[in-house]
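Structure below is coords38.cif: mmCIF, C-alpha atoms and all ligand atoms.
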```cif
data_final
loop_
_atom_site.label_atom_id
_atom_site.label_comp_id
_atom_site.auth_asym_id
_atom_site.auth_seq_id
_atom_site.Cartn_x
_atom_site.Cartn_y
_atom_site.Cartn_z
CA MET T 1 -13.48 -8.05 37.05
CA ALA T 2 -10.43 -8.35 34.82
CA LYS T 3 -9.77 -5.37 32.56
CA ASN T 4 -10.23 -5.91 28.82
CA ILE T 5 -7.01 -6.14 26.89
CA GLN T 6 -6.71 -3.59 24.11
CA ALA T 7 -4.70 -3.42 20.93
CA ILE T 8 -1.25 -1.84 21.03
CA ARG T 9 -1.19 1.92 20.47
CA GLY T 10 -0.81 2.71 16.79
CA MET T 11 -1.82 -0.79 15.68
CA HIS T 12 -5.28 -1.16 14.24
CA ASP T 13 -7.89 -3.74 13.47
CA VAL T 14 -9.67 -3.69 10.13
CA LEU T 15 -13.24 -4.49 11.06
CA PRO T 16 -15.61 -6.50 8.84
CA ASP T 17 -17.44 -3.41 7.60
CA GLN T 18 -14.16 -2.09 6.21
CA SER T 19 -12.56 -5.25 4.88
CA ALA T 20 -14.54 -5.32 1.62
CA ARG T 21 -13.12 -1.88 0.85
CA TRP T 22 -9.61 -3.14 1.50
CA GLN T 23 -10.21 -6.15 -0.71
CA PHE T 24 -11.50 -3.92 -3.48
CA VAL T 25 -8.33 -1.82 -3.39
CA GLU T 26 -6.10 -4.86 -3.14
CA GLN T 27 -7.76 -6.49 -6.12
CA GLU T 28 -7.43 -3.38 -8.30
CA ILE T 29 -3.77 -3.13 -7.36
CA ARG T 30 -3.08 -6.77 -8.10
CA ASP T 31 -4.77 -6.43 -11.49
CA VAL T 32 -2.65 -3.43 -12.41
CA LEU T 33 0.56 -5.17 -11.29
CA ALA T 34 -0.36 -8.22 -13.35
CA SER T 35 -1.00 -6.04 -16.39
CA TYR T 36 2.64 -4.89 -16.19
CA ALA T 37 3.76 -8.52 -15.64
CA TYR T 38 5.10 -8.00 -12.09
CA THR T 39 5.33 -11.05 -9.84
CA GLU T 40 4.81 -11.38 -6.13
CA ILE T 41 7.54 -12.17 -3.61
CA ARG T 42 6.61 -13.09 -0.02
CA LEU T 43 9.08 -12.18 2.67
CA PRO T 44 9.51 -12.67 6.42
CA ILE T 45 8.30 -9.93 8.73
CA VAL T 46 11.36 -10.25 10.95
CA GLU T 47 14.95 -9.82 9.77
CA LYS T 48 18.34 -9.44 11.42
CA THR T 49 18.74 -5.91 12.78
CA GLU T 50 22.03 -5.62 10.92
CA LEU T 51 20.20 -5.77 7.57
CA PHE T 52 18.31 -2.54 8.27
CA LYS T 53 21.31 -0.77 9.78
CA ARG T 54 23.38 -1.55 6.72
CA SER T 55 20.75 -0.71 4.14
CA ILE T 56 18.60 2.10 5.50
CA GLY T 57 21.59 3.77 7.18
CA GLU T 58 22.51 4.35 10.82
CA VAL T 59 21.66 8.06 10.80
CA THR T 60 18.15 7.87 9.37
CA ASP T 61 15.00 8.48 11.41
CA ILE T 62 13.98 4.87 10.97
CA VAL T 63 17.15 3.32 12.36
CA GLU T 64 17.81 6.01 14.95
CA LYS T 65 14.45 5.95 16.63
CA GLU T 66 11.67 4.00 14.92
CA MET T 67 12.63 0.33 14.84
CA TYR T 68 11.05 -2.45 16.88
CA THR T 69 14.23 -4.27 17.81
CA PHE T 70 14.44 -7.15 20.25
CA GLU T 71 16.71 -9.94 21.28
CA ASP T 72 15.76 -13.42 20.19
CA ARG T 73 15.98 -16.19 22.80
CA ASN T 74 19.40 -17.13 21.49
CA GLY T 75 20.72 -13.59 21.76
CA ASP T 76 20.46 -12.48 18.10
CA SER T 77 19.25 -8.94 17.54
CA LEU T 78 16.13 -9.05 15.36
CA THR T 79 13.87 -6.29 14.05
CA LEU T 80 10.26 -6.17 12.83
CA ARG T 81 10.66 -4.86 9.29
CA PRO T 82 10.17 -1.09 9.07
CA GLU T 83 10.10 -1.31 5.24
CA GLY T 84 10.46 -3.98 2.60
CA THR T 85 13.25 -2.92 0.25
CA ALA T 86 16.05 -4.34 2.40
CA GLY T 87 14.38 -7.71 2.96
CA CYS T 88 13.46 -8.06 -0.70
CA LEU T 89 17.03 -7.44 -1.77
CA ARG T 90 18.34 -9.74 0.95
CA ALA T 91 16.10 -12.52 -0.36
CA CYS T 92 17.08 -11.96 -3.98
CA LEU T 93 20.80 -11.98 -3.13
CA GLU T 94 20.40 -15.04 -0.94
CA HIS T 95 18.65 -16.99 -3.71
CA GLY T 96 20.86 -15.81 -6.54
CA LEU T 97 18.11 -13.96 -8.37
CA LEU T 98 20.25 -11.00 -9.31
CA HIS T 99 22.84 -12.69 -11.48
CA ASN T 100 22.32 -11.62 -15.12
CA GLN T 101 18.61 -11.35 -14.56
CA VAL T 102 15.87 -8.80 -14.70
CA HIS T 103 13.12 -8.84 -12.10
CA ARG T 104 9.94 -6.91 -11.51
CA LEU T 105 8.58 -7.80 -8.07
CA TRP T 106 5.97 -6.73 -5.56
CA TYR T 107 5.14 -7.54 -1.96
CA TYR T 108 2.32 -6.54 0.32
CA GLY T 109 2.26 -6.56 4.07
CA GLN T 110 2.72 -5.12 7.52
CA MET T 111 5.58 -2.79 8.41
CA PHE T 112 6.44 -1.56 11.90
CA ARG T 113 7.78 1.79 13.03
CA HIS T 114 7.69 3.24 16.50
CA GLU T 115 6.40 6.69 15.54
CA ARG T 116 3.96 9.00 17.24
CA PRO T 117 0.54 7.69 16.14
CA GLN T 118 -1.71 10.17 14.33
CA LYS T 119 -3.97 10.17 11.28
CA GLY T 120 -2.08 8.43 8.48
CA ARG T 121 0.83 7.49 10.75
CA TYR T 122 0.71 4.23 12.63
CA ARG T 123 3.08 1.84 14.36
CA GLN T 124 1.87 -1.08 12.31
CA PHE T 125 0.87 -0.17 8.78
CA ILE T 126 0.61 -1.86 5.42
CA GLN T 127 2.76 -1.12 2.44
CA LEU T 128 2.64 -2.30 -1.10
CA GLY T 129 6.26 -2.42 -2.25
CA VAL T 130 7.36 -2.70 -5.86
CA GLU T 131 11.02 -3.41 -6.67
CA THR T 132 12.78 -3.90 -9.99
CA TYR T 133 16.31 -5.16 -10.53
CA GLY T 134 18.80 -5.24 -13.36
CA MET T 135 17.63 -2.29 -15.46
CA GLU T 136 19.91 0.68 -15.95
CA GLY T 137 18.02 3.06 -18.24
CA PRO T 138 15.32 5.57 -17.29
CA GLU T 139 12.59 3.50 -19.01
CA ILE T 140 12.06 1.45 -15.89
CA ASP T 141 11.92 4.57 -13.71
CA ALA T 142 9.18 5.77 -16.07
CA GLU T 143 7.40 2.41 -16.02
CA LEU T 144 7.13 2.51 -12.23
CA ILE T 145 5.63 5.98 -12.37
CA LEU T 146 3.19 4.91 -15.08
CA LEU T 147 2.20 1.88 -13.05
CA SER T 148 1.52 3.93 -9.93
CA HIS T 149 -0.33 6.50 -12.06
CA ARG T 150 -2.57 3.67 -13.24
CA PHE T 151 -3.29 2.72 -9.61
CA TRP T 152 -4.72 6.18 -8.96
CA GLN T 153 -6.67 6.06 -12.19
CA ARG T 154 -8.19 2.70 -11.31
CA LEU T 155 -8.98 3.76 -7.75
CA GLY T 156 -10.51 7.02 -8.90
CA ILE T 157 -8.13 9.28 -6.96
CA LEU T 158 -5.99 10.64 -9.78
CA ASP T 159 -7.40 14.13 -9.29
CA LYS T 160 -6.31 14.12 -5.64
CA VAL T 161 -2.61 13.39 -6.15
CA GLU T 162 0.41 15.13 -7.58
CA LEU T 163 3.72 13.67 -8.73
CA GLN T 164 6.91 15.26 -7.44
CA LEU T 165 10.25 14.40 -8.98
CA ASN T 166 13.91 15.01 -8.32
CA SER T 167 17.28 13.55 -9.13
CA LEU T 168 19.81 12.92 -6.38
CA GLY T 169 22.64 12.08 -8.81
CA THR T 170 25.29 9.54 -7.90
CA ALA T 171 26.89 9.01 -4.50
CA GLU T 172 30.03 10.86 -5.68
CA GLU T 173 28.02 13.83 -6.92
CA ARG T 174 26.14 13.94 -3.65
CA LEU T 175 29.39 13.92 -1.71
CA VAL T 176 30.51 17.09 -3.48
CA TYR T 177 27.09 18.63 -2.98
CA ARG T 178 27.08 17.61 0.65
CA GLU T 179 30.24 19.65 1.22
CA GLN T 180 28.66 22.71 -0.40
CA LEU T 181 25.61 22.29 1.80
CA VAL T 182 27.60 21.87 5.01
CA GLU T 183 29.54 25.01 4.15
CA TYR T 184 26.34 26.95 3.45
CA PHE T 185 24.43 25.79 6.53
CA THR T 186 27.46 26.22 8.80
CA ALA T 187 27.68 29.83 7.66
CA HIS T 188 24.04 30.25 8.74
CA SER T 189 24.07 27.89 11.69
CA GLU T 190 22.24 30.37 13.93
CA GLN T 191 19.12 29.81 11.81
CA LEU T 192 19.16 26.02 12.16
CA ASP T 193 16.74 24.35 14.55
CA GLU T 194 17.83 21.57 16.85
CA ASP T 195 17.03 18.73 14.44
CA SER T 196 18.89 20.43 11.66
CA GLN T 197 21.92 21.13 13.88
CA ARG T 198 22.09 17.41 14.49
CA ARG T 199 21.66 16.59 10.81
CA LEU T 200 24.37 19.02 9.78
CA GLY T 201 26.97 16.52 10.93
CA SER T 202 25.19 13.32 10.03
CA ASN T 203 22.84 13.83 7.07
CA PRO T 204 22.82 17.45 5.85
CA LEU T 205 20.65 16.70 2.79
CA ARG T 206 17.81 15.94 5.15
CA ILE T 207 17.85 19.56 6.32
CA LEU T 208 16.36 20.42 2.92
CA ASP T 209 13.39 18.30 3.87
CA THR T 210 12.59 20.35 7.00
CA LYS T 211 8.98 21.22 7.69
CA ASN T 212 9.97 24.10 9.99
CA PRO T 213 8.46 27.32 8.54
CA ALA T 214 11.17 29.43 10.17
CA MET T 215 13.79 27.72 8.04
CA GLN T 216 12.03 27.92 4.67
CA SER T 217 13.89 30.88 3.20
CA LEU T 218 17.21 29.51 4.41
CA VAL T 219 16.51 26.24 2.66
CA GLU T 220 15.23 27.92 -0.49
CA ASN T 221 18.47 29.82 -0.91
CA ALA T 222 20.69 26.79 -0.37
CA PRO T 223 22.87 25.60 -3.27
CA ALA T 224 20.85 23.45 -5.70
CA LEU T 225 21.60 19.77 -6.11
CA SER T 226 20.76 19.93 -9.82
CA ASP T 227 23.82 22.12 -10.37
CA ALA T 228 26.01 19.43 -8.84
CA LEU T 229 24.81 16.65 -11.16
CA GLY T 230 27.15 15.22 -13.80
CA GLU T 231 26.27 14.66 -17.47
CA ALA T 232 25.17 11.02 -17.06
CA SER T 233 22.83 11.82 -14.19
CA LYS T 234 21.36 14.75 -16.09
CA ALA T 235 20.82 12.60 -19.19
CA HIS T 236 19.12 9.88 -17.14
CA PHE T 237 16.76 12.39 -15.58
CA LYS T 238 15.99 13.95 -18.95
CA GLY T 239 15.25 10.49 -20.33
CA LEU T 240 12.68 10.06 -17.60
CA THR T 241 11.03 13.46 -17.90
CA ASP T 242 10.92 13.19 -21.73
CA THR T 243 9.07 9.87 -21.43
CA LEU T 244 6.61 11.30 -18.93
CA ASP T 245 6.06 14.30 -21.23
CA THR T 246 5.38 12.00 -24.17
CA LEU T 247 2.82 10.06 -22.17
CA GLY T 248 1.17 13.15 -20.77
CA ILE T 249 2.03 12.47 -17.14
CA THR T 250 2.30 15.77 -15.32
CA TYR T 251 4.83 16.29 -12.55
CA THR T 252 6.42 18.98 -10.42
CA LEU T 253 10.17 19.22 -10.07
CA ASN T 254 11.00 19.46 -6.38
CA GLN T 255 14.65 20.18 -5.67
CA ARG T 256 14.06 19.57 -2.00
CA LEU T 257 12.76 16.07 -2.39
CA VAL T 258 15.59 14.09 -0.82
CA ARG T 259 13.78 11.12 0.79
CA GLY T 260 14.56 9.94 4.27
CA LEU T 261 16.64 6.93 3.35
CA ASP T 262 20.32 6.90 2.48
CA TYR T 263 20.20 4.44 -0.34
CA TYR T 264 18.68 6.45 -3.17
CA SER T 265 20.57 7.65 -6.26
CA LYS T 266 19.41 9.48 -9.39
CA THR T 267 15.60 9.40 -9.63
CA VAL T 268 13.44 9.97 -6.56
CA PHE T 269 9.71 10.60 -6.63
CA GLU T 270 6.70 11.00 -4.39
CA TRP T 271 2.98 11.04 -5.03
CA VAL T 272 1.50 13.57 -2.64
CA THR T 273 -1.95 14.79 -1.75
CA THR T 274 -3.15 17.84 0.11
CA GLU T 275 -6.17 15.97 1.48
CA LEU T 276 -4.53 14.11 4.33
CA GLY T 277 -2.95 16.92 6.32
CA ALA T 278 0.70 16.47 7.23
CA GLN T 279 0.73 12.82 6.16
CA GLY T 280 0.43 13.73 2.49
CA THR T 281 2.81 11.26 0.84
CA ILE T 282 0.93 8.20 -0.33
CA CYS T 283 3.66 6.64 -2.43
CA ALA T 284 7.39 7.20 -2.56
CA GLY T 285 10.36 5.67 -4.26
CA GLY T 286 13.28 5.95 -6.59
CA ARG T 287 16.48 4.39 -7.82
CA TYR T 288 18.87 2.73 -5.40
CA ASP T 289 21.57 1.10 -7.53
CA GLY T 290 24.19 1.39 -4.79
CA LEU T 291 22.30 -0.62 -2.19
CA ILE T 292 22.97 -3.95 -3.89
CA GLU T 293 26.73 -3.61 -3.43
CA GLN T 294 26.22 -2.26 0.06
CA LEU T 295 24.53 -5.57 0.92
CA GLY T 296 27.32 -7.62 -0.62
CA GLY T 297 26.05 -8.08 -4.19
CA LYS T 298 27.78 -7.30 -7.51
CA PRO T 299 27.19 -3.85 -9.06
CA ASN T 300 23.62 -3.81 -10.37
CA HIS T 301 20.56 -1.65 -10.79
CA ALA T 302 17.44 -1.26 -8.72
CA VAL T 303 14.38 1.00 -8.76
CA GLY T 304 11.29 0.73 -6.61
CA PHE T 305 8.60 2.39 -4.59
CA ALA T 306 6.41 1.77 -1.58
CA MET T 307 2.93 3.03 -0.89
CA GLY T 308 1.14 3.40 2.39
CA MET T 309 -2.15 1.53 2.13
CA GLU T 310 -3.89 3.25 5.08
CA ARG T 311 -3.33 6.60 3.39
CA ILE T 312 -4.75 5.28 0.11
CA LEU T 313 -7.80 3.97 1.98
CA ALA T 314 -8.19 7.33 3.71
CA LEU T 315 -8.17 9.06 0.32
CA LEU T 316 -10.88 6.71 -0.86
CA GLU T 317 -13.15 7.62 2.03
CA THR T 318 -14.73 10.28 -0.13
CA ARG T 319 -15.90 7.70 -2.68
CA GLU T 320 -19.49 7.19 -1.60
CA ASP T 321 -20.09 4.37 -4.04
CA LEU T 322 -17.71 2.27 -1.96
CA GLU T 323 -19.57 2.89 1.26
CA GLN T 324 -21.59 -0.29 1.09
CA ILE T 325 -19.72 -2.89 -0.87
CA GLN T 326 -21.97 -5.89 -1.39
CA THR T 327 -20.74 -9.13 0.17
CA VAL T 328 -23.94 -11.22 -0.05
CA ASP T 329 -25.89 -12.06 -3.22
CA ALA T 330 -28.61 -14.23 -1.76
CA TYR T 331 -29.97 -14.78 1.74
CA MET T 332 -31.80 -17.98 2.58
CA ILE T 333 -34.80 -17.74 4.87
CA LEU T 334 -35.85 -20.99 6.54
CA VAL T 335 -39.18 -21.39 8.30
CA GLY T 336 -40.06 -24.64 10.06
CA GLU T 337 -38.08 -27.69 11.00
CA SER T 338 -38.28 -29.52 7.69
CA ALA T 339 -37.06 -26.41 5.88
CA VAL T 340 -33.83 -26.23 7.89
CA LYS T 341 -32.51 -29.57 6.60
CA ALA T 342 -33.85 -29.10 3.10
CA GLY T 343 -32.32 -25.62 3.06
CA LEU T 344 -28.86 -26.92 3.89
CA VAL T 345 -29.07 -29.50 1.13
CA LEU T 346 -30.28 -26.89 -1.33
CA ALA T 347 -27.60 -24.38 -0.31
CA GLU T 348 -24.81 -26.88 -0.90
CA LYS T 349 -26.30 -27.75 -4.29
CA LEU T 350 -26.37 -24.06 -5.22
CA ARG T 351 -22.75 -23.66 -4.13
CA ASP T 352 -21.78 -26.68 -6.25
CA ARG T 353 -23.47 -25.29 -9.32
CA LEU T 354 -22.80 -21.57 -8.80
CA PRO T 355 -19.37 -21.28 -7.17
CA LYS T 356 -19.36 -17.48 -7.43
CA LEU T 357 -22.72 -17.06 -5.66
CA ARG T 358 -22.34 -15.55 -2.19
CA LEU T 359 -25.09 -17.22 -0.24
CA GLN T 360 -25.84 -16.49 3.39
CA MET T 361 -27.93 -18.95 5.41
CA HIS T 362 -30.12 -18.01 8.27
CA CYS T 363 -29.14 -19.98 11.37
CA GLY T 364 -31.37 -20.51 14.39
CA THR T 365 -35.12 -20.15 14.79
CA ALA T 366 -36.70 -16.78 14.11
CA SER T 367 -39.95 -15.53 12.65
CA PHE T 368 -40.27 -14.99 8.92
CA LYS T 369 -40.47 -11.25 9.52
CA SER T 370 -37.26 -11.08 11.48
CA GLN T 371 -35.43 -13.26 8.96
CA PHE T 372 -36.72 -11.08 6.15
CA LYS T 373 -35.36 -7.98 7.87
CA LYS T 374 -31.96 -9.65 8.17
CA ALA T 375 -32.07 -10.60 4.49
CA ASP T 376 -32.71 -7.00 3.54
CA LYS T 377 -30.00 -5.69 5.86
CA SER T 378 -27.43 -8.13 4.48
CA GLY T 379 -27.45 -6.19 1.21
CA ALA T 380 -28.41 -9.31 -0.77
CA ASP T 381 -30.25 -9.02 -4.07
CA TYR T 382 -32.45 -12.03 -3.40
CA ALA T 383 -34.20 -13.67 -0.51
CA LEU T 384 -34.63 -17.41 -1.07
CA ILE T 385 -37.52 -18.61 1.02
CA LEU T 386 -38.07 -22.19 2.15
CA ALA T 387 -41.06 -22.91 4.37
CA GLU T 388 -42.95 -26.17 4.82
CA ASP T 389 -45.09 -25.45 1.76
CA GLU T 390 -42.10 -25.10 -0.46
CA VAL T 391 -40.49 -28.23 0.96
CA LEU T 392 -43.65 -30.25 0.31
CA ASN T 393 -43.93 -29.01 -3.28
CA ASP T 394 -40.21 -29.12 -4.03
CA LYS T 395 -40.15 -25.39 -4.79
CA ILE T 396 -38.30 -22.32 -3.58
CA SER T 397 -39.75 -18.84 -3.36
CA ILE T 398 -37.49 -16.10 -4.58
CA LYS T 399 -38.05 -12.50 -3.60
CA PHE T 400 -36.26 -9.71 -5.40
CA LEU T 401 -35.01 -7.33 -2.74
CA ARG T 402 -33.62 -4.60 -4.99
CA SER T 403 -36.21 -4.49 -7.76
CA GLU T 404 -39.94 -4.32 -8.23
CA GLN T 405 -40.05 -7.76 -9.80
CA GLU T 406 -42.70 -9.98 -8.28
CA GLN T 407 -41.97 -12.90 -5.99
CA GLN T 408 -41.81 -16.23 -7.82
CA SER T 409 -42.07 -19.85 -6.85
CA VAL T 410 -39.54 -21.88 -8.83
CA SER T 411 -37.93 -25.30 -9.08
CA VAL T 412 -34.25 -25.83 -8.20
CA THR T 413 -33.33 -25.94 -11.88
CA GLU T 414 -35.19 -22.71 -12.53
CA LEU T 415 -33.57 -21.12 -9.50
CA ILE T 416 -30.08 -22.02 -10.70
CA GLU T 417 -30.96 -20.60 -14.10
CA LEU T 418 -32.24 -17.40 -12.51
CA LEU T 419 -29.25 -16.91 -10.23
CA SER T 420 -26.71 -17.55 -12.94
CA THR T 421 -27.78 -14.61 -15.04
P1 LIG T 501 6.84 10.07 6.07
O1 LIG T 501 7.59 11.22 5.50
O2 LIG T 501 5.35 10.23 5.97
O3 LIG T 501 7.31 9.69 7.43
P2 LIG T 501 8.59 8.09 5.00
O4 LIG T 501 9.49 8.83 4.10
O5 LIG T 501 9.04 7.69 6.34
O6 LIG T 501 7.19 8.85 5.12
P3 LIG T 501 8.73 5.70 3.38
O7 LIG T 501 9.69 5.01 4.24
O8 LIG T 501 9.17 6.23 2.09
O9 LIG T 501 7.99 6.85 4.24
O10 LIG T 501 7.45 4.77 3.17
C1 LIG T 501 6.65 4.82 1.99
C2 LIG T 501 5.22 5.14 2.32
O11 LIG T 501 4.74 4.36 3.39
C3 LIG T 501 4.98 6.56 2.80
O12 LIG T 501 4.91 7.42 1.71
C4 LIG T 501 3.66 6.43 3.51
O13 LIG T 501 2.59 6.44 2.58
C5 LIG T 501 3.77 5.08 4.14
N1 LIG T 501 4.18 5.19 5.55
C6 LIG T 501 5.41 5.42 6.06
N2 LIG T 501 5.39 5.45 7.39
C7 LIG T 501 4.11 5.20 7.76
C8 LIG T 501 3.42 5.09 9.02
N3 LIG T 501 4.07 5.18 10.16
N4 LIG T 501 2.09 4.87 9.01
C9 LIG T 501 1.41 4.75 7.85
N5 LIG T 501 1.99 4.85 6.64
C10 LIG T 501 3.32 5.07 6.58
MG MG T 502 8.79 8.47 8.25
#
```
Please lay out the structure from this file as structure tokens.
Ligand code: ATP
Ligand code: MG
Amino acid sequence: MAKNIQAIRGMHDVLPDQSARWQFVEQEIRDVLASYAYTEIRLPIVEKTELFKRSIGEVTDIVEKEMYTFEDRNGDSLTLRPEGTAGCLRACLEHGLLHNQVHRLWYYGQMFRHERPQKGRYRQFIQLGVETYGMEGPEIDAELILLSHRFWQRLGILDKVELQLNSLGTAEERLVYREQLVEYFTAHSEQLDEDSQRRLGSNPLRILDTKNPAMQSLVENAPALSDALGEASKAHFKGLTDTLDTLGITYTLNQRLVRGLDYYSKTVFEWVTTELGAQGTICAGGRYDGLIEQLGGKPNHAVGFAMGMERILALLETREDLEQIQTVDAYMILVGESAVKAGLVLAEKLRDRLPKLRLQMHCGTASFKSQFKKADKSGADYALILAEDEVLNDKISIKFLRSEQEQQSVSVTELIELLST
């Protein structure tokens, strides 16, 4: 017998018993985004490989070893998007959206990275990305943090997350700092692990981000980036922290928060949790003014973040009230041949009159008892029963599955009245 084909390692199905949960989260998120007047942009999943090399940077983990890159039939090198920032900016530049305009955008969809699969780390995963363009001051940095804060509030996970903040200054300031770091780490090169040795030449700031316990004290004593920041960068960061203080948003300053991507400047932030093991960052972002020019645009401003939806869903696992999200309001039980046709007619009528009603029909012959069990299991509030008696008398029996209320026999008009309350 042929072997069953299985999904690709690190790529997951969301099964029907989980999809209501996803939809709940997605709806909450959309509502919050709308309340800040952000609009959706829909982008291709595949882009030219060059786009990611130029934006994310050649010496980042993503470009060095995580991209799904392939040759198209006509020889072009294409890549399944590993993140959305580059494609979003590419689209906005291509369609002239960045000229003297301000935009607040979001996108939602699959990203692909060839990483080692583990809890909270997959090869296909979903990100919500939020990107804003054309705003220079720290107010927009603050707005993005407030918006994400509201996500956690709405999803009931605010007590599980912590905000970490840092400023990376400008590219020029980082260049000076980079030299100080290289000097410091070179002087202690015997303490660097293999990864860090490699990064010393290519991306020394990333050494600060090491998870290697043996290197912690080395990293802690490294020169601080905050000392290398100029007045304007310091003022921007203070503008942000002052706003957060005013609004009562608590945060931790983390000098070692450098982010994996090359394109950040000034503000960077992460929302982290201790409840998901090593994969603790659920949302990460910051300012990336320089990327627009890097991709061929005029000098401009950009701030954004991306959040990993699987990690958010994992955090929500502890919310028991979401365990059984109801997807059926009423279940129609049909007994006898005449009831089957009459039931279909009635169901369509109900759907015409009550477009929000989620009505599940029984299909196929089965005893009343077995249909009733299915009605109960469906999670519906009501069983609508049509047997030959009801058909003859033009009535429907309604049984209340989640309350003590007694079964009633009602007319269609009465039923519609009942179900619409
Ligand atoms: P990490 O340090 O966990 O590798 P990252 O810095 O590579 O994260 P970003 O590129 O900033 O992640 O992506 C933003 C968010 O997307 C992350 O904070 C995380 O929640 C999620 N994410 C990133 N990679 C994956 C993955 N392979 N599987 C699931 N979620 C992911
Ligand atoms: Mg990563």
Protein and nucleic acid residues within 8 Å of ligand LIG 501 (chain T) (only C-alpha atoms and all ligand atoms) as a PDB file with C-alpha atoms, in the frame of the given file:
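And here's result.pdb as it stands now:
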```
ATOM      1  CA  ASP T  61      15.000   8.480  11.410  1.00  0.00           C
ATOM      2  CA  ILE T  62      13.980   4.870  10.970  1.00  0.00           C
ATOM      3  CA  PRO T  82      10.170  -1.090   9.070  1.00  0.00           C
ATOM      4  CA  GLU T  83      10.100  -1.310   5.240  1.00  0.00           C
ATOM      5  CA  PHE T 112       6.440  -1.560  11.900  1.00  0.00           C
ATOM      6  CA  ARG T 113       7.780   1.790  13.030  1.00  0.00           C
ATOM      7  CA  HIS T 114       7.690   3.240  16.500  1.00  0.00           C
ATOM      8  CA  GLU T 115       6.400   6.690  15.540  1.00  0.00           C
ATOM      9  CA  PRO T 117       0.540   7.690  16.140  1.00  0.00           C
ATOM     10  CA  GLY T 120      -2.080   8.430   8.480  1.00  0.00           C
ATOM     11  CA  ARG T 121       0.830   7.490  10.750  1.00  0.00           C
ATOM     12  CA  TYR T 122       0.710   4.230  12.630  1.00  0.00           C
ATOM     13  CA  ARG T 123       3.080   1.840  14.360  1.00  0.00           C
ATOM     14  CA  GLN T 124       1.870  -1.080  12.310  1.00  0.00           C
ATOM     15  CA  PHE T 125       0.870  -0.170   8.780  1.00  0.00           C
ATOM     16  CA  ILE T 126       0.610  -1.860   5.420  1.00  0.00           C
ATOM     17  CA  GLN T 127       2.760  -1.120   2.440  1.00  0.00           C
ATOM     18  CA  ARG T 259      13.780  11.120   0.790  1.00  0.00           C
ATOM     19  CA  GLY T 260      14.560   9.940   4.270  1.00  0.00           C
ATOM     20  CA  LEU T 261      16.640   6.930   3.350  1.00  0.00           C
ATOM     21  CA  GLU T 270       6.700  11.000  -4.390  1.00  0.00           C
ATOM     22  CA  TRP T 271       2.980  11.040  -5.030  1.00  0.00           C
ATOM     23  CA  ALA T 278       0.700  16.470   7.230  1.00  0.00           C
ATOM     24  CA  GLN T 279       0.730  12.820   6.160  1.00  0.00           C
ATOM     25  CA  GLY T 280       0.430  13.730   2.490  1.00  0.00           C
ATOM     26  CA  THR T 281       2.810  11.260   0.840  1.00  0.00           C
ATOM     27  CA  ILE T 282       0.930   8.200  -0.330  1.00  0.00           C
ATOM     28  CA  CYS T 283       3.660   6.640  -2.430  1.00  0.00           C
ATOM     29  CA  ALA T 284       7.390   7.200  -2.560  1.00  0.00           C
ATOM     30  CA  GLY T 285      10.360   5.670  -4.260  1.00  0.00           C
ATOM     31  CA  PHE T 305       8.600   2.390  -4.590  1.00  0.00           C
ATOM     32  CA  ALA T 306       6.410   1.770  -1.580  1.00  0.00           C
ATOM     33  CA  MET T 307       2.930   3.030  -0.890  1.00  0.00           C
ATOM     34  CA  GLY T 308       1.140   3.400   2.390  1.00  0.00           C
ATOM     35  CA  MET T 309      -2.150   1.530   2.130  1.00  0.00           C
ATOM     36  CA  GLU T 310      -3.890   3.250   5.080  1.00  0.00           C
ATOM     37  CA  ARG T 311      -3.330   6.600   3.390  1.00  0.00           C
ATOM     38  CA  ILE T 312      -4.750   5.280   0.110  1.00  0.00           C
TER      39      ILE T 312
END
```
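Among the candidate residues T:Leu80, T:Leu93, T:Leu15, T:Val412, the one lying nearest to Leu295 (chain T) is T:Leu93, with distances computed using only C-alpha atoms.
Closest approach to Gln101 (chain T) from the set T:Glu71, T:Asn300, T:Leu253, T:Lys349 is made by T:Asn300, with distances taken over all atoms listed in the file.
Atom pair CA of Ile416 (chain T) / CA of Leu322 (chain T): separated by 28.6 Å.
Across the model, the gap from CA of Ala330 (chain T) to CA of Ala380 (chain T) is 5.0 Å.
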- request: Determine, counting all atoms listed in the file, which protein, DNA and RNA residues have an atom within 8 Å of an atom of region 143-159 of chain T; residues of the same chain fewer than 2 positions away are not included. Present the result as a VMD selection string.
  value: chain T and resid 25 28 to 29 32 to 33 36 139 to 141 161 249 304 to 305 315 to 316
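Note that CA of Thr132 (chain T) and CA of Glu47 (chain T) are 20.7 Å apart.
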query: Which residues come within 12 Å of Gln23 (chain T), counting all atoms listed in the file, excluding same-chain residues fewer than 2 positions away, as a PyMOL selection string?
result: chain T and resi 14+16-21+25-30+309+313+322+325-327
Could you pull region 362-374 of chain T out of the block above and save it with C-alpha atoms, as a compact mmCIF listing (two decimals), in the first residue's frame?
```txt
# COMPACT_ATOMS: atom_id res chain seq x y z
CA HIS T 362 -28.51 16.80 10.45
CA CYS T 363 -27.79 14.92 7.23
CA GLY T 364 -28.60 11.26 6.64
CA THR T 365 -30.96 8.92 8.45
CA ALA T 366 -30.42 8.29 12.14
CA SER T 367 -32.60 7.69 15.16
CA PHE T 368 -33.90 10.62 17.17
CA LYS T 369 -31.66 9.57 20.05
CA SER T 370 -28.50 9.56 18.01
CA GLN T 371 -29.37 12.91 16.40
CA PHE T 372 -30.08 14.36 19.81
CA LYS T 373 -26.66 13.26 21.05
CA LYS T 374 -25.05 14.97 18.07
```
